[in-house]
>>> print(open('target-v3.cif').read())   # mmCIF, C-alpha atoms
data_data
#
loop_
_atom_site.label_atom_id
_atom_site.label_comp_id
_atom_site.auth_asym_id
_atom_site.auth_seq_id
_atom_site.Cartn_x
_atom_site.Cartn_y
_atom_site.Cartn_z
CA GLN A 135 8.54 -26.23 -8.78
CA GLY A 136 6.12 -24.58 -6.39
CA LYS A 137 3.37 -27.05 -7.21
CA ARG A 138 5.81 -29.92 -6.70
CA LEU A 139 6.38 -28.67 -3.15
CA GLY A 140 2.69 -28.12 -2.47
CA LEU A 141 2.70 -24.34 -2.93
CA ASN A 142 -0.15 -22.55 -4.70
CA ILE A 143 1.81 -19.66 -6.17
CA GLY A 144 -0.38 -17.03 -7.81
CA SER A 145 -3.58 -17.74 -5.91
CA MET A 146 -3.57 -14.38 -4.12
CA VAL A 147 -2.08 -11.53 -6.15
CA GLY A 148 -1.91 -7.78 -5.95
CA GLN A 149 -0.80 -5.05 -8.31
CA ASP A 150 0.80 -1.69 -7.74
CA SER A 151 3.01 0.72 -9.64
CA THR A 152 6.34 2.06 -8.49
CA PRO A 153 8.34 4.98 -9.91
CA LEU A 154 11.54 4.47 -11.85
CA GLU A 155 13.28 7.82 -11.92
CA ALA A 156 14.90 8.87 -15.19
CA LYS A 157 18.40 10.17 -14.52
CA ALA A 158 18.12 12.36 -17.59
CA LYS A 159 15.10 13.61 -19.49
CA GLY A 160 15.11 10.60 -21.74
CA GLU A 161 12.63 9.64 -24.40
CA GLN A 162 9.09 9.02 -23.07
CA ALA A 163 9.95 9.74 -19.44
CA GLU A 164 7.39 12.12 -17.92
CA TYR A 165 7.27 14.40 -14.91
CA ASN A 166 4.86 13.09 -12.27
CA GLY A 167 3.84 15.76 -9.77
CA HIS A 168 2.74 13.21 -7.15
CA TYR A 169 6.23 11.72 -6.95
CA GLU A 170 7.94 14.99 -8.01
CA LYS A 171 10.09 13.01 -10.43
CA HIS A 172 10.81 12.76 -14.13
CA MET A 173 10.07 9.05 -14.36
CA TYR A 174 8.69 5.86 -15.80
CA LYS A 175 6.25 3.56 -14.04
CA ALA A 176 6.82 -0.11 -13.30
CA HIS A 177 3.52 -1.97 -12.98
CA VAL A 178 4.14 -5.22 -11.11
CA THR A 179 1.73 -8.02 -10.19
CA THR A 180 2.92 -9.90 -7.12
CA ASP A 181 2.04 -13.12 -5.33
CA LEU A 182 1.04 -11.71 -1.94
CA VAL A 183 1.76 -14.89 0.00
CA HIS A 184 5.34 -15.40 -1.20
CA ASP A 185 6.24 -11.88 -2.49
CA ILE A 186 7.04 -13.23 -5.95
CA PRO A 187 6.69 -10.95 -9.02
CA LEU A 188 4.55 -12.76 -11.60
CA GLY A 189 3.77 -10.08 -14.19
CA GLU A 190 5.15 -6.68 -15.12
CA CYS A 191 5.10 -3.90 -17.68
CA THR A 192 6.70 -0.46 -17.89
CA THR A 193 5.11 2.77 -19.10
CA PRO A 194 5.73 6.53 -19.15
CA GLY A 195 5.34 8.19 -15.78
CA LEU A 196 1.83 9.59 -16.19
CA ASP A 197 0.05 6.54 -17.56
CA TYR A 198 -3.01 5.49 -15.55
CA ASP A 199 -2.39 2.43 -13.38
CA GLY A 200 -5.81 0.89 -14.00
CA HIS A 201 -5.12 0.41 -17.71
CA PHE A 202 -2.38 -2.16 -17.05
CA LEU A 203 -4.06 -4.61 -14.72
CA GLN A 204 -5.64 -6.90 -17.28
CA CYS A 205 -2.54 -7.42 -19.42
CA ASN A 206 -0.49 -8.33 -16.34
CA LEU A 207 -3.12 -10.73 -15.04
CA GLN A 208 -3.21 -12.42 -18.43
CA LYS A 209 0.53 -13.04 -18.04
CA VAL A 210 -0.04 -14.52 -14.59
CA LYS A 211 -2.78 -16.76 -15.95
CA ALA A 212 -0.55 -17.85 -18.85
CA CYS A 213 2.03 -19.06 -16.30
CA GLY A 214 -0.52 -21.59 -15.06
CA ALA A 215 -1.48 -19.78 -11.87
CA GLY A 216 -4.99 -20.33 -10.55
CA VAL A 217 -5.79 -16.79 -9.45
CA LYS A 218 -8.48 -16.65 -6.76
CA ASP A 219 -8.10 -13.16 -5.22
CA VAL A 220 -6.90 -9.89 -6.78
CA TYR A 221 -5.99 -6.86 -4.66
CA GLY A 222 -5.31 -3.26 -5.69
CA ASP A 223 -5.87 0.35 -4.78
CA GLN A 224 -8.68 2.55 -6.08
CA HIS A 225 -6.92 3.23 -9.40
CA TYR A 226 -7.67 -0.33 -10.50
CA GLY A 227 -11.35 -0.12 -9.64
CA THR A 228 -12.77 0.53 -13.11
CA TYR A 229 -15.93 -1.28 -14.09
CA ARG A 230 -14.05 -3.17 -16.79
CA ASN A 231 -11.41 -4.37 -14.32
CA TYR A 232 -14.06 -5.58 -11.88
CA ALA A 233 -15.79 -7.49 -14.68
CA PHE A 234 -12.52 -8.91 -16.04
CA VAL A 235 -11.38 -10.30 -12.69
CA GLU A 236 -14.74 -11.78 -11.76
CA CYS A 237 -15.82 -13.11 -15.17
CA GLU A 238 -12.62 -13.69 -17.13
CA LEU A 239 -10.49 -15.03 -14.30
CA GLY A 240 -13.25 -16.33 -12.08
CA ALA A 241 -11.49 -14.61 -9.16
CA ARG A 242 -12.65 -12.30 -6.37
CA VAL A 243 -11.98 -8.55 -6.52
CA HIS A 244 -10.52 -6.68 -3.54
CA PHE A 245 -10.04 -3.09 -4.69
CA ARG A 246 -9.93 -0.08 -2.44
CA LEU A 247 -12.86 2.22 -3.24
CA ALA A 248 -12.49 5.87 -4.12
CA VAL A 249 -14.43 8.29 -1.91
CA ASP A 250 -16.82 9.11 -4.76
CA ASN A 251 -17.54 5.48 -5.70
CA GLU A 252 -21.29 5.13 -5.13
CA TYR A 253 -24.02 2.59 -5.82
CA ASN A 254 -24.87 2.48 -9.54
CA SER A 255 -28.41 1.45 -10.49
CA ALA A 256 -27.14 0.27 -13.90
CA GLY A 257 -25.44 -2.58 -12.05
CA GLU A 258 -28.54 -3.80 -10.21
CA LEU A 259 -29.21 -7.47 -10.79
CA GLY A 260 -32.75 -6.76 -12.00
CA GLU A 261 -31.41 -4.38 -14.62
CA LEU A 262 -28.83 -6.92 -15.76
CA ARG A 263 -31.53 -9.56 -16.10
CA ARG A 264 -33.61 -7.15 -18.18
CA VAL A 265 -30.66 -6.61 -20.53
CA TYR A 266 -30.00 -10.37 -20.54
CA GLN A 267 -33.52 -11.02 -21.85
CA THR A 268 -32.81 -8.90 -24.93
CA TYR A 269 -30.34 -11.58 -26.02
CA TRP A 270 -33.01 -14.32 -26.07
CA ARG A 271 -32.36 -15.05 -29.75
CA ASN A 272 -28.71 -15.96 -29.11
CA ALA A 273 -27.85 -19.65 -29.33
CA ASP A 274 -26.07 -19.55 -25.95
CA PHE A 275 -29.00 -17.88 -24.16
CA LYS A 276 -30.23 -19.93 -21.21
CA ALA A 277 -33.78 -19.33 -20.00
CA ASN A 278 -33.12 -20.36 -16.40
CA ALA A 279 -29.65 -18.84 -15.99
CA ASP A 280 -28.52 -18.11 -12.44
CA ASP A 281 -27.01 -14.79 -11.40
CA ASN A 282 -23.41 -15.78 -12.16
CA GLU A 283 -24.38 -17.18 -15.56
CA VAL A 284 -26.17 -13.94 -16.41
CA ALA A 285 -23.13 -11.86 -15.48
CA ARG A 286 -20.71 -14.04 -17.44
CA PHE A 287 -23.02 -14.13 -20.47
CA LEU A 288 -23.33 -10.34 -20.55
CA TYR A 289 -19.57 -9.93 -20.08
CA ALA A 290 -18.94 -12.27 -23.02
CA HIS A 291 -21.35 -10.21 -25.13
CA GLY A 292 -19.70 -6.84 -24.58
CA GLU A 293 -21.56 -5.60 -21.48
CA ALA A 294 -18.44 -5.27 -19.31
CA GLU A 295 -19.42 -1.85 -17.94
CA ARG A 296 -22.79 -3.07 -16.67
CA VAL A 297 -21.32 -6.24 -15.22
CA GLY A 298 -18.50 -4.34 -13.55
CA ALA A 299 -21.05 -2.02 -11.95
CA LEU A 300 -22.70 -5.10 -10.40
CA TYR A 301 -19.51 -6.21 -8.71
CA ARG A 302 -18.48 -2.73 -7.61
CA ASN A 303 -21.95 -2.27 -6.13
CA HIS A 304 -21.21 -5.31 -3.96
CA ALA A 305 -18.07 -3.57 -2.66
CA VAL A 306 -19.93 -0.30 -2.05
CA GLN A 307 -22.55 -2.17 -0.03
CA GLU A 308 -19.88 -3.94 2.01
CA ARG A 309 -18.24 -0.59 2.79
CA GLU A 310 -21.56 0.94 3.84
CA GLU A 311 -22.50 -2.00 6.05
CA CYS A 312 -19.14 -2.33 7.80
CA PRO A 313 -16.53 0.33 6.93
CA ASP A 314 -13.90 -1.03 9.33
CA GLY A 315 -14.37 -4.61 8.20
CA PHE A 316 -14.16 -3.59 4.54
CA ALA A 317 -10.93 -1.65 5.14
CA GLU A 318 -9.44 -4.59 7.06
CA SER A 319 -10.30 -7.00 4.23
CA LEU A 320 -8.04 -4.98 1.90
CA TYR A 321 -4.98 -5.24 4.15
CA PRO A 322 -3.08 -7.81 1.99
CA ARG A 323 -2.65 -5.23 -0.79
CA THR A 324 -0.20 -3.27 1.40
CA LYS A 325 2.34 -6.02 0.75
CA CYS A 326 2.71 -4.61 -2.78
CA GLU A 327 4.00 -1.38 -1.28
CA GLY A 328 6.36 -3.37 0.93
CA LEU A 329 7.78 -5.13 -2.12
CA ASN A 330 8.43 -1.78 -3.78
CA GLY A 331 10.38 -0.75 -0.69
CA HIS A 332 12.45 -3.94 -0.74
CA TRP A 333 13.37 -3.36 -4.37
CA LYS A 334 14.51 0.18 -3.64
CA GLU A 335 16.44 -0.67 -0.47
CA GLN A 336 17.89 -4.08 -1.33
CA LEU A 337 18.18 -4.06 -5.13
CA ASP A 338 18.90 -0.36 -5.73
CA PHE A 339 16.00 -0.45 -8.17
CA GLU A 340 16.06 3.27 -9.01
CA ARG A 341 19.68 4.13 -8.31
CA SER A 342 20.99 1.38 -10.57
CA PHE A 343 19.03 2.61 -13.58
CA LYS A 344 21.40 4.68 -15.72
CA LYS A 345 20.11 4.60 -19.29
CA LYS A 346 17.66 6.64 -21.34
CA GLY A 347 14.47 5.56 -23.03
CA LEU A 348 11.39 3.49 -22.35
CA VAL A 349 12.90 0.34 -23.90
CA ASN A 350 15.82 0.46 -21.47
CA ALA A 351 13.43 1.10 -18.59
CA GLU A 352 11.44 -1.98 -19.63
CA VAL A 353 14.62 -4.06 -19.70
CA HIS A 354 15.59 -2.79 -16.25
CA VAL A 355 12.22 -3.72 -14.72
CA SER A 356 12.19 -7.13 -16.40
CA ALA A 357 15.76 -7.81 -15.28
CA THR A 358 14.85 -6.91 -11.68
CA CYS A 359 11.92 -9.34 -11.73
CA PHE A 360 14.14 -11.96 -13.37
CA ALA A 361 16.77 -11.61 -10.64
CA VAL A 362 14.15 -12.10 -7.93
CA LEU A 363 12.73 -15.13 -9.75
CA LEU A 364 16.19 -16.69 -10.01
CA VAL A 365 16.54 -16.43 -6.23
CA VAL A 366 13.08 -17.95 -5.75
CA LEU A 367 13.69 -20.81 -8.18
CA THR A 368 17.05 -21.64 -6.62
CA ARG A 369 15.43 -21.94 -3.20
CA LEU A 370 12.57 -24.05 -4.55
CA GLN A 371 15.02 -26.39 -6.27
CA HIS A 372 16.65 -26.97 -2.89
CA GLY A 373 13.31 -27.71 -1.23
CA VAL A 374 13.01 -24.35 0.53
CA THR A 375 9.42 -23.10 0.84
CA MET A 376 9.74 -20.16 3.25
CA GLY A 377 11.25 -16.74 2.61
CA LEU A 378 11.47 -17.47 -1.10
CA ALA A 379 11.95 -13.88 -2.24
CA ARG A 380 14.06 -12.71 0.71
CA LEU A 381 16.80 -10.52 -0.71
CA ALA A 382 18.62 -9.15 2.33
CA GLY A 383 22.29 -10.11 2.38
CA LEU A 384 22.41 -11.27 -1.24
CA SER A 385 25.09 -9.66 -3.39
#
>>> encode(input="target-v3.cif", output="structure tokens")
Amino acid sequence: QGKRLGLNIGSMVGQDSTPLEAKAKGEQAEYNGHYEKHMYKAHVTTDLVHDIPLGECTTPGLDYDGHFLQCNLQKVKACGAGVKDVYGDQHYGTYRNYAFVECELGARVHFRLAVDNEYNSAGELGELRRVYQTYWRNADFKANADDNEVARFLYAHGEAERVGALYRNHAVQEREECPDGFAESLYPRTKCEGLNGHWKEQLDFERSFKKKGLVNAEVHVSATCFAVLLVVLTRLQHGVTMGLARLAGLS
């Protein structure tokens, strides 16, 4: 429906996790000291232009956010979205996630860097080309491969860590050259946090969760996304293209 109306839903996406407090110490809920809650985590990938949830999964409350980016982005891709930009905080900035976004999706990474993220010589282009030459016997080896072809080849042949270091090095260099500009370029990811707030304030996301167990938590998160998508689809079917996921005033 979005494409029919000229919308490019899923081009710019971001991912964040939000707590789902367990009302009782149910199965697989865990105490998270950062949130000071016994909780599950909802990992949601959102279209940052239209605030539409496009992928989600639910885990125990201490699971690392960065482990759940790729599976969600695969769901977004399976919907037919042409992802071009992916935003996230520093927890998503693993080498494998950098490589996945750039090489698997063909998209651009926009992750916040951790303070201790530094330039890694293993990701230098010269080093990657040296490793690339060791694959000269492979049928898909190309003698005159350009930089992008080298990176994608190595990623396809199990060198995700090295390739991810290349792309994170680019981000480290951008931060060193212009810290303010780099920070400003990451601004769209804050919309993920805004969406979490809307869910809590307008959909009673946490307060309406009453049951025990991870399976029930997964159903609750999926149902919340489904409710938002129903609102979006209804508006699209009536030709509305602005404020698609606006929830205020809806009962």
>>> closest_atom_pairs(input="target-v3.cif", of="segment 324-384 of chain A", to="segment 188-208 of chain A", cutoff="8 Å", atoms="all atoms listed in the file", output="JSON lines")
{"residue": "A:Leu348", "atom": "CA", "partner": "A:Thr193", "partner_atom": "CA", "distance": 7.1}
{"residue": "A:Ala351", "atom": "CA", "partner": "A:Thr192", "partner_atom": "CA", "distance": 6.9}
{"residue": "A:Glu352", "atom": "CA", "partner": "A:Thr192", "partner_atom": "CA", "distance": 5.3}
{"residue": "A:Val355", "atom": "CA", "partner": "A:Thr192", "partner_atom": "CA", "distance": 7.2}
{"residue": "A:Ser356", "atom": "CA", "partner": "A:Glu190", "partner_atom": "CA", "distance": 7.2}
>>> atom_distance(input="target-v3.cif", atom1="atom CA of Lys157 of chain A", atom2="atom CA of Arg341 of chain A")
8.8 Å
>>> closest_residue(input="target-v3.cif", among="A:Ala233, A:Val220, A:Ala361, A:Ala158", to="Gly298 of chain A", atoms="all atoms listed in the file")
A:Ala233
>>> closest_atom_pairs(input="target-v3.cif", of="segment 177-198 of chain A", to="segment 141-152 of chain A", cutoff="7 Å", atoms="all atoms listed in the file", output="CSV")
residue,atom,partner,partner_atom,distance
A:His177,CA,A:Ser151,CA,4.3
A:Val178,CA,A:Gln149,CA,5.7
A:Thr179,CA,A:Gln149,CA,4.3
A:Thr180,CA,A:Val147,CA,5.3
A:Asp181,CA,A:Val147,CA,4.5
A:Leu182,CA,A:Val147,CA,5.2
A:Val183,CA,A:Met146,CA,6.8
>>> closest_residue(input="target-v3.cif", among="A:Arg246, A:Arg369, A:Arg296, A:Lys171", to="Gly136 of chain A", atoms="all atoms listed in the file")
A:Arg369
>>> residues_around(input="target-v3.cif", residues="segment 267-277 of chain A", least_positions_apart="6", cutoff="12 Å", atoms="only C-alpha atoms", output="list in words")
Gly260, Glu261, Glu283, Val284, Arg286, Phe287, Leu288, Ala290, His291, Gly292 and Glu293 of chain A
>>> closest_residue(input="target-v3.cif", among="A:Ala285, A:Leu320, A:Val210, A:Ala156", to="Gly222 of chain A", atoms="only C-alpha atoms")
A:Leu320
>>> closest_residue(input="target-v3.cif", among="A:Tyr301, A:Tyr253, A:Tyr221, A:Phe234", to="Cys326 of chain A", atoms="only C-alpha atoms")
A:Tyr221
>>> atom_distance(input="target-v3.cif", atom1="atom CA of Gln224 of chain A", atom2="atom CA of Val249 of chain A")
9.1 Å
>>> atom_distance(input="target-v3.cif", atom1="atom CA of Arg230 of chain A", atom2="atom CA of Ala299 of chain A")
8.6 Å
>>> decode(input="target-v3.cif", residues="segment 181-200 of chain A", atoms="N, CA and C atoms", output="PDB file, in the first residue's frame")
ATOM      1  N   ASP A 181      10.738   1.851  11.019  1.00  0.00           N
ATOM      2  CA  ASP A 181      10.923   2.813   9.939  1.00  0.00           C
ATOM      3  C   ASP A 181      10.998   4.201  10.574  1.00  0.00           C
ATOM      4  N   LEU A 182      12.123   4.881  10.413  1.00  0.00           N
ATOM      5  CA  LEU A 182      12.355   6.139  11.114  1.00  0.00           C
ATOM      6  C   LEU A 182      11.696   7.344  10.446  1.00  0.00           C
ATOM      7  N   VAL A 183      11.180   7.168   9.255  1.00  0.00           N
ATOM      8  CA  VAL A 183      10.477   8.254   8.579  1.00  0.00           C
ATOM      9  C   VAL A 183       9.006   8.266   8.989  1.00  0.00           C
ATOM     10  N   HIS A 184       8.414   7.074   9.090  1.00  0.00           N
ATOM     11  CA  HIS A 184       6.978   6.976   9.362  1.00  0.00           C
ATOM     12  C   HIS A 184       6.648   6.354  10.722  1.00  0.00           C
ATOM     13  N   ASP A 185       7.667   6.005  11.514  1.00  0.00           N
ATOM     14  CA  ASP A 185       7.481   5.432  12.859  1.00  0.00           C
ATOM     15  C   ASP A 185       6.716   4.115  12.831  1.00  0.00           C
ATOM     16  N   ILE A 186       6.968   3.303  11.819  1.00  0.00           N
ATOM     17  CA  ILE A 186       6.251   2.039  11.667  1.00  0.00           C
ATOM     18  C   ILE A 186       7.137   0.879  12.115  1.00  0.00           C
ATOM     19  N   PRO A 187       6.673   0.018  13.036  1.00  0.00           N
ATOM     20  CA  PRO A 187       7.459  -1.161  13.409  1.00  0.00           C
ATOM     21  C   PRO A 187       7.468  -2.178  12.269  1.00  0.00           C
ATOM     22  N   LEU A 188       8.655  -2.631  11.891  1.00  0.00           N
ATOM     23  CA  LEU A 188       8.781  -3.544  10.753  1.00  0.00           C
ATOM     24  C   LEU A 188       9.359  -4.902  11.130  1.00  0.00           C
ATOM     25  N   GLY A 189       9.960  -4.999  12.298  1.00  0.00           N
ATOM     26  CA  GLY A 189      10.525  -6.271  12.750  1.00  0.00           C
ATOM     27  C   GLY A 189      10.632  -6.266  14.258  1.00  0.00           C
ATOM     28  N   GLU A 190      10.448  -7.413  14.874  1.00  0.00           N
ATOM     29  CA  GLU A 190      10.537  -7.464  16.340  1.00  0.00           C
ATOM     30  C   GLU A 190      10.897  -8.867  16.804  1.00  0.00           C
ATOM     31  N   CYS A 191      11.463  -8.935  17.998  1.00  0.00           N
ATOM     32  CA  CYS A 191      11.644 -10.199  18.706  1.00  0.00           C
ATOM     33  C   CYS A 191      11.725  -9.876  20.197  1.00  0.00           C
ATOM     34  N   THR A 192      11.490 -10.873  21.023  1.00  0.00           N
ATOM     35  CA  THR A 192      11.455 -10.680  22.474  1.00  0.00           C
ATOM     36  C   THR A 192      12.382 -11.678  23.131  1.00  0.00           C
ATOM     37  N   THR A 193      13.159 -11.203  24.116  1.00  0.00           N
ATOM     38  CA  THR A 193      14.148 -12.049  24.773  1.00  0.00           C
ATOM     39  C   THR A 193      14.114 -11.805  26.286  1.00  0.00           C
ATOM     40  N   PRO A 194      14.802 -12.657  27.059  1.00  0.00           N
ATOM     41  CA  PRO A 194      14.989 -12.359  28.481  1.00  0.00           C
ATOM     42  C   PRO A 194      15.679 -11.014  28.670  1.00  0.00           C
ATOM     43  N   GLY A 195      15.569 -10.467  29.873  1.00  0.00           N
ATOM     44  CA  GLY A 195      15.945  -9.088  30.119  1.00  0.00           C
ATOM     45  C   GLY A 195      17.415  -8.755  30.116  1.00  0.00           C
ATOM     46  N   LEU A 196      18.298  -9.750  30.061  1.00  0.00           N
ATOM     47  CA  LEU A 196      19.732  -9.472  30.069  1.00  0.00           C
ATOM     48  C   LEU A 196      20.406  -9.797  28.736  1.00  0.00           C
ATOM     49  N   ASP A 197      19.650 -10.242  27.765  1.00  0.00           N
ATOM     50  CA  ASP A 197      20.246 -10.584  26.477  1.00  0.00           C
ATOM     51  C   ASP A 197      20.823  -9.343  25.806  1.00  0.00           C
ATOM     52  N   TYR A 198      21.948  -9.520  25.117  1.00  0.00           N
ATOM     53  CA  TYR A 198      22.671  -8.400  24.508  1.00  0.00           C
ATOM     54  C   TYR A 198      21.965  -7.924  23.244  1.00  0.00           C
ATOM     55  N   ASP A 199      21.692  -6.629  23.180  1.00  0.00           N
ATOM     56  CA  ASP A 199      20.931  -6.060  22.066  1.00  0.00           C
ATOM     57  C   ASP A 199      21.538  -6.381  20.700  1.00  0.00           C
ATOM     58  N   GLY A 200      22.858  -6.315  20.609  1.00  0.00           N
ATOM     59  CA  GLY A 200      23.527  -6.469  19.326  1.00  0.00           C
ATOM     60  C   GLY A 200      23.320  -7.808  18.654  1.00  0.00           C
TER      61      GLY A 200
END
